[in-house]
Amino acid sequence: MASTGGDGVSASRLANLVAPTIVAAFEAYEAEFQALTRRARGRFDRREWRSALEDSTERLDLYGEVIGRLEQKVRAQLDSRVSERLVWAGMKAVYSGMIGGRQDWDLAETFFNSLTRRIFATEGVDQNIEYVDSDFDPPRAQEQQLLVRSYERPDLESLIEALLSDGWVKSAFDDVRRDAAQTASLLRGQLQGLGIAEQDVTGAEILAAPFFRRKGAYLVGRLCTTKASPPLVLALLNTEAGVVVDAVLTDVEDVSILFSFTRSHFHVDLGPAHALVSYLRRLLPRKPVAELYIALGYHKHGKTLLYRDLLWRLAQTDERFEQAPGTPGMVMLVFTMREYDVVFKVIRDHFPAVKPTTPTAVRSNYRLVFRHDRAGRLVEAQEFEHLKFDRDRFAPDLLGEIRDKADQTVKAIDGEVVVRHAYVERRVTPLDVYLREGDPAAARAAVVDFGQAVKDLAANGIFPGELLPKNFGVTRHGRVVCYDYDELGLLTDFVFRAMPESESEDDDFGDEAWFGTGPRDVFPEEFRRFIGLPRELLGVLDREHSELYEVGFWQEMQARVRRGDIIDIFPYPPTRRLRA
């Protein structure tokens with residue numbers, strides 16, 4: 001592309017020449033994003049589960065690829081003036097004029113920010129060349145009839161039958177009447193728990209397109225009653241016999257888990273994200289808006305909203321950053337604010353010898369988690385660079401730890417702290433802390449779910465590397481998730497072995513293994529010995545998940561992953577299923 005950045009061209013002229021290039025790139029990105037999203041319906045109809053996961057990965061990679069190509073174009077156009085902030089301030093003004101009437105203006109602003117931060121690597125933010133806050137007020141709420149389908153019938157069974165018969169997918173249902181009857185029966189019990197009688201139900205409204213993820217399709221909306229408007233989510237599966245209703249969700253917490261920060265993104269074809277997020281926000285009032293955007297696949301805009309929320313918190317409170325509770329990691333230094341629900345993780349300068357990894361390998365693992373289906377058991381991390389804070393917002397002991405252990409990543413200079421690279425994650429309670437401080441019943445339940453979390457990860461082709469409670473956390477819903485990715489890897493990259501039989505007592509009691517081992521060798525029967533649970537809780541794990549200690553379990557899971565099996569991992573409890 002020919003350069004337009006000659007010295008004789010005015011800044012305003014350059015801005016008018018280059019801003020359309022950015023708008024065009026954004027429109028191309030959105031078109032491709034939507035095309036990939038729309039594939040999901042056909043994948044579900046044809047039961048192409050492996051291809052559906054590949055589409056998800058392709059959509060995740062799309063943003064970075066588009067921004068990379070755009071950066072090259074803009075650098076070529078601006079040439080020697082690519083770092084001239086006056087030009088970029090003008091480009092932002094022209095760009096704002098071009099996106100002001102769009103329903104996806106919010107995503108367009110984030111897109112511009114992604115480009116400027118590629119060019120400038122700005123420490124902190126620069127209001128003149130970035131959208132720190134939006135330049136626009138949200139558009140008027142669209143008529144909800146554009147987003148939802150409404151249903152009114154005299155009883156629950158006919159209401160559900162009408163809803164299911166409305167052509168959501170091309171595949172035929174196995175038996176609509178049967179599923180309507182069973183769904184209505186399960187729904188009656190759930191409504192009774194909410195204090196709502198069947199005669200209180202006046203209808204339902206469902207968002208006008210299914211939410212697709214992995215092997216499931218979800219009809220998402222709410223019931224209309226004379227007392228309240230609880231969520232209504234019907235989970236559909238496409239079986240060999242046809243489409244069936246698998247589960248009914250009316251509890252806000254169940255639906256919140258469905259949209260969890262530990263799960264991969266939905267594919268839903270419903271037009272502008274802002275209107276959809278506004279609707280979902282009414283169903284899930286406690287769910288952060290950033291997480292809803294991320295759940296829909298707009299992870300970069302979710303990151304923008306996370307950062308805006310951070311700036312707001314810093315402006316509205318005097319909270320200081322301090323070291324996060326839990327056992328300090330050998331690879332990551334973790335800090336947070338006491339009342340903040342996210343944590344910041346930075347890579348330490350040096351790792352002990354027992355951690356044979358590198359910063360590059362750690363970043364690779366985080367990238368693996370981002371691109372891999374997370375199965376509700378891996379915390380999604382947002383990657384940030386060049387964050388800048390006032391130094392007095394950091395507790396002295398944290399500053400000392402940073403100076404001693406992470407000086408290459410975090411710099412405290414002239415009253416400021418600059419974090420060159422960090423991962424930002426939702427805050428969860430470390431499992432070891434939860435087991436130590438929680439009541440016995442909750443601790444036992446957490447250990448059971450810990451074992452299930454390890455199995456779910458294995459079913460999804462992931463091995464955490466270390467099965468230690470300090471590497472896992474507990475969400476506010478009581479679900480156990482993995483958040484330490486130092487030694488995480490693909491399940492098929494490990495070698496699961498039985499312990500060789502020793503030939504003498506000297507072999508058994510020696511300080512070092514008497515047999516050869518490779519860097520990825522794993523001995524499951526040793527898990528019980530090193531897992532570090534108290535005796536009672538170890539007994540719980542023994543009773544519920546003893547197969548975790550067996551080589552055969554792990555080798556069978558590897559074989560299934562290598563065959564390409566997509567193993568069912570349901571994002572709801574068995575009690576919500578029609579056929580548990």
# chains A, B, ... in the order shown; residues from 1 in each chain; ligands from 1
$ residues_around --residues "segment 557-571 of chain A" --least-positions-apart "3" --cutoff "8 Å" --atoms "only C-alpha atoms" --output "JSON, numbers by chain"
{"A": [49, 50, 215, 257, 258, 375, 376, 456, 458, 459, 460, 461, 491, 492, 553, 554]}
$ residues_around --residues "Glu525 of chain A" --least-positions-apart "6" --cutoff "10 Å" --atoms "only C-alpha atoms" --output "ChimeraX atom specification"
/A:497-499,546-551
$ atom_distance --atom1 "atom CA of Gly97 of chain A" --atom2 "atom CA of Leu147 of chain A"
27.4 Å
$ atom_distance --atom1 "atom CA of Arg363 of chain A" --atom2 "atom CA of Ala52 of chain A"
25.6 Å
$ select_by_dssp --residues "segment 228-424 of chain A" --states "strand (DSSP E or B)" --output "PyMOL selection string"
chain A and resi 231-239+242-249+267+321-323+332-337+342-347+378+381-390+394+410-413+416-424
